[in-house]
Amino acid sequence: MFLLRRREGNIIFLKRIRNCFLKYLILILFFPASVIIWARPQQETKNDFDYYRGILNKTNSGDIENTIDLFEKSLGSSNVYIRRAAADELAAIMHEGVSLSSAAMEGMRREAAGPWGAAFDAVNKPIDKNKVLAFLLSGEYRTSENARAHVLHECEKQGVFFNNAETAAVEGHYAVSKSQYNEALRFFRAFMENGKWPGHAPALFIKYPELINDLGRVFQYTASANEGLDLFLSWERNLPYYTSNDIKYRLNFFAARIARQRGRLDQCYPLFEKARLFAPGSEQADACIWYILDSSVRGSASIFTERLEKYIPHLHSMDSINDVLEKQLRELVSRKEWSSIIRVLAVINEQGAREHELLAGYAWIMARAIEEGYLSSGDRQLAAQALNTAPSALSAAAFYRMAYNAGDSQRSSALYYRWKSAEFLGEPFLVFAENHASSEIGVSPAWQFILGFIINGVPEYAFSHIRQMEKELTIPELRVAAQALAHSGMYVQTIRLANLYTNREGYIRDRRDMELLYPRPHNELVERYAHQAGIAPSLLFALIRTESAFQSAVVSRSGAVGLTQLMPATARDTADRMRRAGNFDYTANLDLTDPGINIHIGSYYFNYLMGRFNDPLLALLSYNGGMNRVRRWKAESPFPSDIFAETISIAETRDYGRKVLAAAAMYEALYYNKSGQ
């Protein structure tokens, strides 16, 4: 008996060794040799791979019975993430009207999590209507249409009905989730009595506060804004003293948003401030500050600076106001208010944000303003004071140094300012730390679940799960997943995934991650046509990455097609110009989804713009915003092209030049050995 048990144990041990060896072999063959993976898979059951087989079967064969069988077997997996994913798949199949066995139903209900888990919990027999309403009126599950439909169907089947107010709340909440605001308002008017809103917030709004948000959005995005402002202020005044701060926050916050939308800025500021004091969390408090500052952008620069100085110490995340400070910088540069730029920069600097990316733009503009001689003697004195130096010692170099340090982030505009400053200072654009990151892969169930998609050849299904589980995965684990996506040609998902973990707090730049963020598909085509057009390959790679993220068949909402996102009319004109110049003739077969054709025409067109402007930045702005428009804007501007670009009123075009040039600098440093370390 002892020998039999020992033999069985040896067989199990050998099977585990074999499974580990197969996984190691696949990973070693699949990923670059530079990636060293120490992965010890968790103890497996025979059901661990049924889920992935079910995914393949559902996609390729359409054999629903076999698919259900595989997902049902997956409910017995040792991995909790596999069990949950299988339950979600079965729930989706059930929602399509396919009957499941009682065993599958039981296992699905037991293992389901997220929206489906909450839905099944809400309709457990006997149904508790309070649980049902909590699910249906939750902001967390508002977009889970299938789970919502299941709950409503079960309520109808089991004879659970809603009164008029509850029906209005449920339908109004759902209409808001679909941005059908006029339809939602029609439902919410059921709470009116004799054509008038009640003076006190209805009990359902107090019990389910998400309804306040819904009604606030309805008033904000319909013609009934004034009606909504008066109503929310009335409800807030008539709240009992013991009402939670969360309710007070929501009423004040949405009253303030409505007032702002109606242009009543003097009224919205105190309301946002009141809402901030009641805010239940840091994100809500920062949102109030964002609105206060954003509403101040086009007003007096001194008032904006005063408010920034007042509120910046209360911010929980400086990132929350990046876009506001960028808009304010554009306003101040356009109005040549150099002293105001210095004051904003000083406020940021004094708050200990010297290394923060939002400082980079302000510092770089000051460096350029000093170089161009724009500063008055008073401006120079303020600038020297901000640097704690004498006016006579003021130079552009100190501000370039500030921009260089603050721009060391993954945000494209900050990287742009770092690159421009690095050129002036003679410093390396990219710096990689050595021996800082472990390549060890953990053995968590979360990673084993993601690993299953890679091993089973379906990495395209991994990304949505990775987004949900991101915080449960380490950087080395996410890096390997990103490499798998890149290997499968899924560059959009690769870039998004690498962006997720490279923006984590405390992340240290790693070359492997930068190569994932800035890949080089179609390398031979890009380099060939870049050289033919007299363009740096790094610039053409950057343009393609920014335009399409290397999706050769993508079509934008405006109709731009392919890798370089050419409009068909522009492509036809360029192809005809190429033909007349004795270049290749594409006029008979203008397939813009073909990588070779698209890159060739796109590079030729960009070279054409370069010939018109003789400036890469202006050519890029024209590529995005239109040649005639950019030429007109530039003619009206007193600034050189790099400062002029900061004043463009269209945010997409203003940011486009910075994005592409920053990406080009990354490609140059990573692959062409310039300005990198």
# chains A, B, ... in the order shown; residues from 1 in each chain; ligands from 1

call {"tool": "residues_around", "arguments": {"residues": "Asn226 in chain A", "least_positions_apart": "5", "cutoff": "9 Å", "atoms": "only C-alpha atoms", "output": "list in words"}}
result
Phe219, Leu231, Ile258, Ala259 and Arg262 of chain A

call {"tool": "residues_around", "arguments": {"residues": "Ile466 in chain A", "least_positions_apart": "4", "cutoff": "10 Å", "atoms": "only C-alpha atoms", "output": "PyMOL selection string"}}
result
chain A and resi 446-447+449-450+461-462+470-473+478+481+497

call {"tool": "write_last_selection", "arguments": {"atoms": "C-alpha atoms", "output": "PDB file, in the first residue's frame"}}
result
ATOM      1  CA  ALA A 446      -4.393  36.482 -10.992  1.00  0.00           C
ATOM      2  CA  TRP A 447      -1.174  36.043 -12.966  1.00  0.00           C
ATOM      3  CA  PHE A 449      -5.250  33.374 -15.081  1.00  0.00           C
ATOM      4  CA  ILE A 450      -3.657  35.917 -17.430  1.00  0.00           C
ATOM      5  CA  TYR A 461      -8.914  38.187 -24.717  1.00  0.00           C
ATOM      6  CA  ALA A 462      -6.518  39.045 -21.909  1.00  0.00           C
ATOM      7  CA  GLU A 470      -4.411  45.678 -12.939  1.00  0.00           C
ATOM      8  CA  LYS A 471      -3.808  46.436  -9.264  1.00  0.00           C
ATOM      9  CA  GLU A 472      -3.491  42.730  -8.484  1.00  0.00           C
ATOM     10  CA  LEU A 473      -0.635  42.255 -10.969  1.00  0.00           C
ATOM     11  CA  LEU A 478       2.143  43.212 -16.706  1.00  0.00           C
ATOM     12  CA  ALA A 481       1.487  40.359 -20.776  1.00  0.00           C
ATOM     13  CA  LEU A 497      -1.184  48.263 -20.994  1.00  0.00           C
TER      14      LEU A 497
END

call {"tool": "closest_atom_pairs", "arguments": {"of": "range 63-102 of chain A", "to": "range 115-131 of chain A", "cutoff": "9 Å", "atoms": "only C-alpha atoms", "output": "Markdown table"}}
result
| residue | atom | partner | partner_atom | distance |
| --- | --- | --- | --- | --- |
| A:Ala87 | CA | A:Trp116 | CA | 8.6 |
| A:Asp88 | CA | A:Trp116 | CA | 6.9 |
| A:Ala91 | CA | A:Trp116 | CA | 7.3 |

call {"tool": "closest_residue", "arguments": {"among": "A:Val132, A:Leu539, A:Ile68, A:Ile206", "to": "Phe161 in chain A", "atoms": "only C-alpha atoms"}}
result
A:Val132

call {"tool": "residues_around", "arguments": {"residues": "Ser224 in chain A", "least_positions_apart": "4", "cutoff": "10 Å", "atoms": "only C-alpha atoms", "output": "ChimeraX atom specification"}}
result
/A:182,185,218-220,228-229,258

call {"tool": "residues_around", "arguments": {"residues": "range 522-527 of chain A", "least_positions_apart": "6", "cutoff": "7 Å", "atoms": "only C-alpha atoms", "output": "ChimeraX atom specification"}}
result
/A:537,540-541,596,599

call {"tool": "residues_around", "arguments": {"residues": "range 194-198 of chain A", "least_positions_apart": "2", "cutoff": "10 Å", "atoms": "only C-alpha atoms", "output": "list in words"}}
result
Arg189, Ala190, Phe191, Met192, His200, Ala201, Pro202, Glu227, Gly228, Leu231, Ser234 and Trp235 of chain A

call {"tool": "residues_around", "arguments": {"residues": "range 305-312 of chain A", "least_positions_apart": "4", "cutoff": "7 Å", "atoms": "only C-alpha atoms", "output": "number ranges by chain"}}
result
A: 289, 293, 301, 344, 347
